[in-house]
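Trainee: Let me give you the structure first, and then I'll get to my questions.
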Amino acid sequence: MTEPATSKIHLVIVDDEPLARAILRELLAAHADLQIVAECGNGFEAVKAVSDLKPDLLLLDIQMPKLDGFDVLDLIGTQLPVIFITAYDEYAIKAFEVHAVDYLLKPFSAERLDEALVRARQRIRTKERAPVREIVSAARPDRTPLQRILIRDKADVHVIPVGRIDYVESQDDYVAVKSAGKTYLKEQTLAELETLLDRGAFVRIHRRYILNLSRLARIELAVTDSRIAILGDGTQLPVSRSGYARLRELL
Amino acid sequence: MHPILGDPRRLGIYLLLWQLIGLLLTVGLRGETPWTTAAAFFLPLCFLYAFVCLSAWYVCRFYPLEKGARLLNATIVYVVAAAIASGGWVMAGGFWAIALDRFANGFGARQLYEGQQLLLLVVGALLFFLAAAAHYLLIAFQASREAEKRAIELDLLAKEAELKALRAQIDPHFIFNSLHSISALTASDPAAARRMCLLLADFLRETLRLGANSRITLSDELALADRFLAIEQVRLGSRLQIARDTDPTASDCLVPPLLLQPLVENAVVHGIAQLVEGGTIRLAAARDGGTLTITLENPCDPDRSRTRGVGLGLDLLRKRLNTQYGPAHAVVANEQEGRFLVEVRMPAVTAAA
């Protein structure tokens with residue numbers, strides 16, 4: 001453990017249990033080359049800390065309120081090396097799929113943590129990269145429809161249950177999620193989001209729009225062969241010919 | 001399925017009985033006719049009538065023996081059915097006598113028949129009634145056997161539910177998390193680590209001890225919940241608050257062991273632990289005359305991803321209470337505006353009563 005003291009590895013600890021953070025603090029004190037730059041008690045704090053402090057390593061609990069460890073990873077979307085720490089062994093495969101450095105089971109020994117840190121240093125030194133997109137899709141291998149959309153707005157995180165989405169508009173590499181008059185931007189393609197949403201509740205009505213079916217009030221014929229969807233709040237969205245066919249199939 | 005026709009063994013015994021009746025008739029109604037003639041006449045006739053009388057089952061099924069049965073209707077139907085069956089039988093007897101006489105001249109079957117025609121009609125009707133009574137007996141026998149089978153099945157189901165409940169009692173993750181807390185405390189606060197060890201040991205021992213009983217007092221069950229919550233409080237810190245409101249008269253009531261434990265666990269794991277700010281678990285028990293009511297309330301995240309665990313725990317609870325109290329219990333669970341509430345009602349029984 002003789003890393004040059006000039007380039008300390010900055011790490012962030014994330015666990016919702018104070019004692020779990022305490023033991024990490026205690027065990028990490030033995031490593032002179034590591035510096036804890038933040039301790040977070042939940043996923044929101046973690047996302048904020050990562051975006052503000054740009055750490056080199058994340059020690060991340062999985063079971064946390066609102067945003068679990070995988071949600072955090074989905075949101076920070078970087079190639080930040082992560083060591084998962086959890087009492088549950090059933091997430092090991094999922095952790096491997098998102099290229100975690102290691103997966104520690106609570107309770108763990110100091111030796112086991114050291115082992116994980118050796119791997120982490122290796123990963124940081126070689127600057128090994130994990131493909132970003134793969135992380136997002138691999139985080140949901142179960143194919144159940146999305147229940148909520150997580151959106152990172154600089155250091156803030158918005159959790160939008162899919163039921164509160166009015167519609168989604170494509171904007172280049174982003175999607176604009178419209179919910180109760182507000183717009184949230186997320187770096188994702190409309191096509192990708194479409195595959196994640198419940199096909200019975202959301203319809204791609206146009207190349208650029210996905211509509212929450214429950215918001216649809218009526219469909220009007222605009223000019224010949226072109227239709228307009230009128231939402232409950234009066235919003236008008238264009239409906240393409242294939243989009244209309246998909247709508248009719250569901251209605 | 002016909003209780004006799006559907007079972008070859010029973011059919012054999014039944015037909016044998018009818019041959020006995022045939023022999024009785026031979027002896028009783030022979031008069032001056034030779035033995036052989038009487039036997040040749042009565043035995044096949046009884047064999048035939050045995051099958052006719054099987055039809056009594058359909059009447060029995062239509063008029064089951066129950067309270068408030070339509071007695072008058074049933075009587076009329078039975079008399080008519082018996083008259084038809086017996087009449088047909090006696091007529092068949094006539095043809096059989098002619099056939100016998102033709103087959104062996106001077107056999108004397110017709111003479112026998114004509115002499116006993118009226119008596120045969122009465123005997124036939126009586127035999128039909130007898131057959132109906134026998135069918136009723138068989139039906140009752142089958143019903144009681146089926147009820148017994150169902151009772152055994154129910155009992156098995158109850159035992160299985162009980163076993164599952166006990167097995168599911170201690171969540172291994174709870175133990176792993178507790179051990180991790182102890183591991184964290186050992187260096188920083190050895191006294192607290194020791195306290196936690198003792199709490200955990202107490203909880204595990206009590207779970208095993210209480211689980212071995214068929215009924216325990218509510219105060220024992222609540223003490224177990226207290227231990228569990230004390231351990232979880234060490235882990236979750238100030239996020240977990242507890243409010244208890246137990247009516248002293250409710251504490252003596254008997255409940256199935258580890259009844260509340262899964263609910264309390266759910267309240268922590270699926271309620272408090274899913275909230276960034278945490279919250280308060282309210283546990284109340286009250287006794288109102290013959291009814292014991294236990295309520296458990298906890299805040300929850302309305303947007304959390306639904307897990308099946310909670311529903312399964314409630315199902316199991318319902319099954320257990322159902323086997324103990326039947327319809328005299330109620331489990332009501334509902335979630336409103338971020339609060340999850342379970343109310344359990346059951347008969348208030350104490351050891352003295």
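Residue names in the structure tokens use chain letters A, B, ... in the order shown, residue numbers from 1 in each chain, and ligand numbers from 1 in the order shown.
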Which residues come within 7 Å of Ile165 in chain A, counting only C-alpha atoms, excluding same-chain residues fewer than 3 positions away, as a PyMOL selection string?

Mentor: chain A and resi 162+177-179+212

Trainee: For N, CA and C atoms, I'd like the residues from the last selection saved as a compact mmCIF listing (two decimals), in the first residue's frame.

Mentor:
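Resulting contents of out08.txt:
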# COMPACT_ATOMS: atom_id res chain seq x y z
N VAL A 162 -44.37 6.43 -13.35
CA VAL A 162 -44.81 6.50 -14.76
C VAL A 162 -46.27 6.95 -14.87
N VAL A 177 -39.63 14.68 -20.53
CA VAL A 177 -40.75 14.02 -19.87
C VAL A 177 -41.66 15.11 -19.32
N LYS A 178 -42.93 15.11 -19.76
CA LYS A 178 -43.87 16.14 -19.33
C LYS A 178 -44.78 15.54 -18.25
N SER A 179 -44.79 16.20 -17.11
CA SER A 179 -45.63 15.72 -16.02
C SER A 179 -46.19 16.93 -15.28
N ASN A 212 -49.13 8.93 -22.70
CA ASN A 212 -49.77 8.14 -21.64
C ASN A 212 -51.25 8.03 -22.02

Trainee: Hey, could you make a per-residue contact list for chain A against chain B with 6 Å as the cut-off, showing the nearest pair of atoms and its distance in Å to one decimal, counting only C-alpha atoms, sorted by chain and number, as a Markdown table?

Mentor:
| residue | atom | partner | partner_atom | distance |
| --- | --- | --- | --- | --- |
| A:Glu17 | CA | B:Leu236 | CA | 5.6 |
| A:Leu19 | CA | B:Ala184 | CA | 5.8 |
| A:Ile23 | CA | B:Ala184 | CA | 4.7 |
| A:Pro65 | CA | B:Gln274 | CA | 3.9 |
| A:Ala87 | CA | B:His173 | CA | 5.9 |
| A:Lys106 | CA | B:His180 | CA | 5.7 |
| A:Pro107 | CA | B:His180 | CA | 4.4 |

Trainee: Considering only C-alpha atoms, state which residue in the set B:Thr75, B:Thr217, B:Thr33, B:Asn334 is at the smallest distance from Gly108 in chain B.

Mentor: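 For Gly108 in chain B, the nearest of the given residues is B:Thr33.
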
Trainee: In terms of the shortest atom-to-atom distance over only C-alpha atoms, which of A:Ala229, A:Val168, A:Ile149, A:Val159 is closest to Tyr244 in chain A?

Mentor: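 For Tyr244 in chain A, the nearest of the given residues is A:Ala229.
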
Trainee: Rank A:Arg227, A:Lys94, A:Arg21, A:Lys154 by their smallest atom-to-atom distance to Asn42 in chain A, using only C-alpha atoms, and report the top residue only.

Mentor: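 Selected residue with least distance to Asn42 in chain A: A:Arg21.
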
Trainee: Running DSSP on the backbone, which parts of range 58-297 of chain B land in strand (DSSP E or B), as a list in words?

Mentor: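 Those in range 58-297 of chain B that DSSP calls strand (DSSP E or B) are Ile216, Thr217, Leu240, Gln241, Ile242, Ala243, Arg244, Asp245, Thr246, Cys253, Leu254, Val255, Gly279, Thr280, Ile281, Arg282, Leu283, Ala284, Ala285, Ala286, Arg287, Asp288, Thr291, Leu292, Thr293, Ile294, Thr295, Leu296 and Glu297 of chain B.
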
Trainee: Just to confirm, what's the straight-line distance from CA of Ile21 in chain B to CA of Leu130 in chain B in Å (one decimal)?

Mentor: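 Atom-to-atom, CA of Ile21 in chain B and CA of Leu130 in chain B are spaced 11.7 Å apart.
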
Trainee: Could you check which of A:Leu247, A:Val82, A:Leu193, A:Leu67 is closest to Ile13 in chain A, using only C-alpha atoms?

Mentor: A:Val82

Trainee: So that I can check the surroundings of range 282-292 of chain B, please list as a ChimeraX atom specification every protein, DNA and RNA residue that reaches within 7 Å of it, counting only C-alpha atoms and ignoring chain neighbours fewer than 5 positions away.

Mentor: /B:242-247,249-250,297-298,345-348
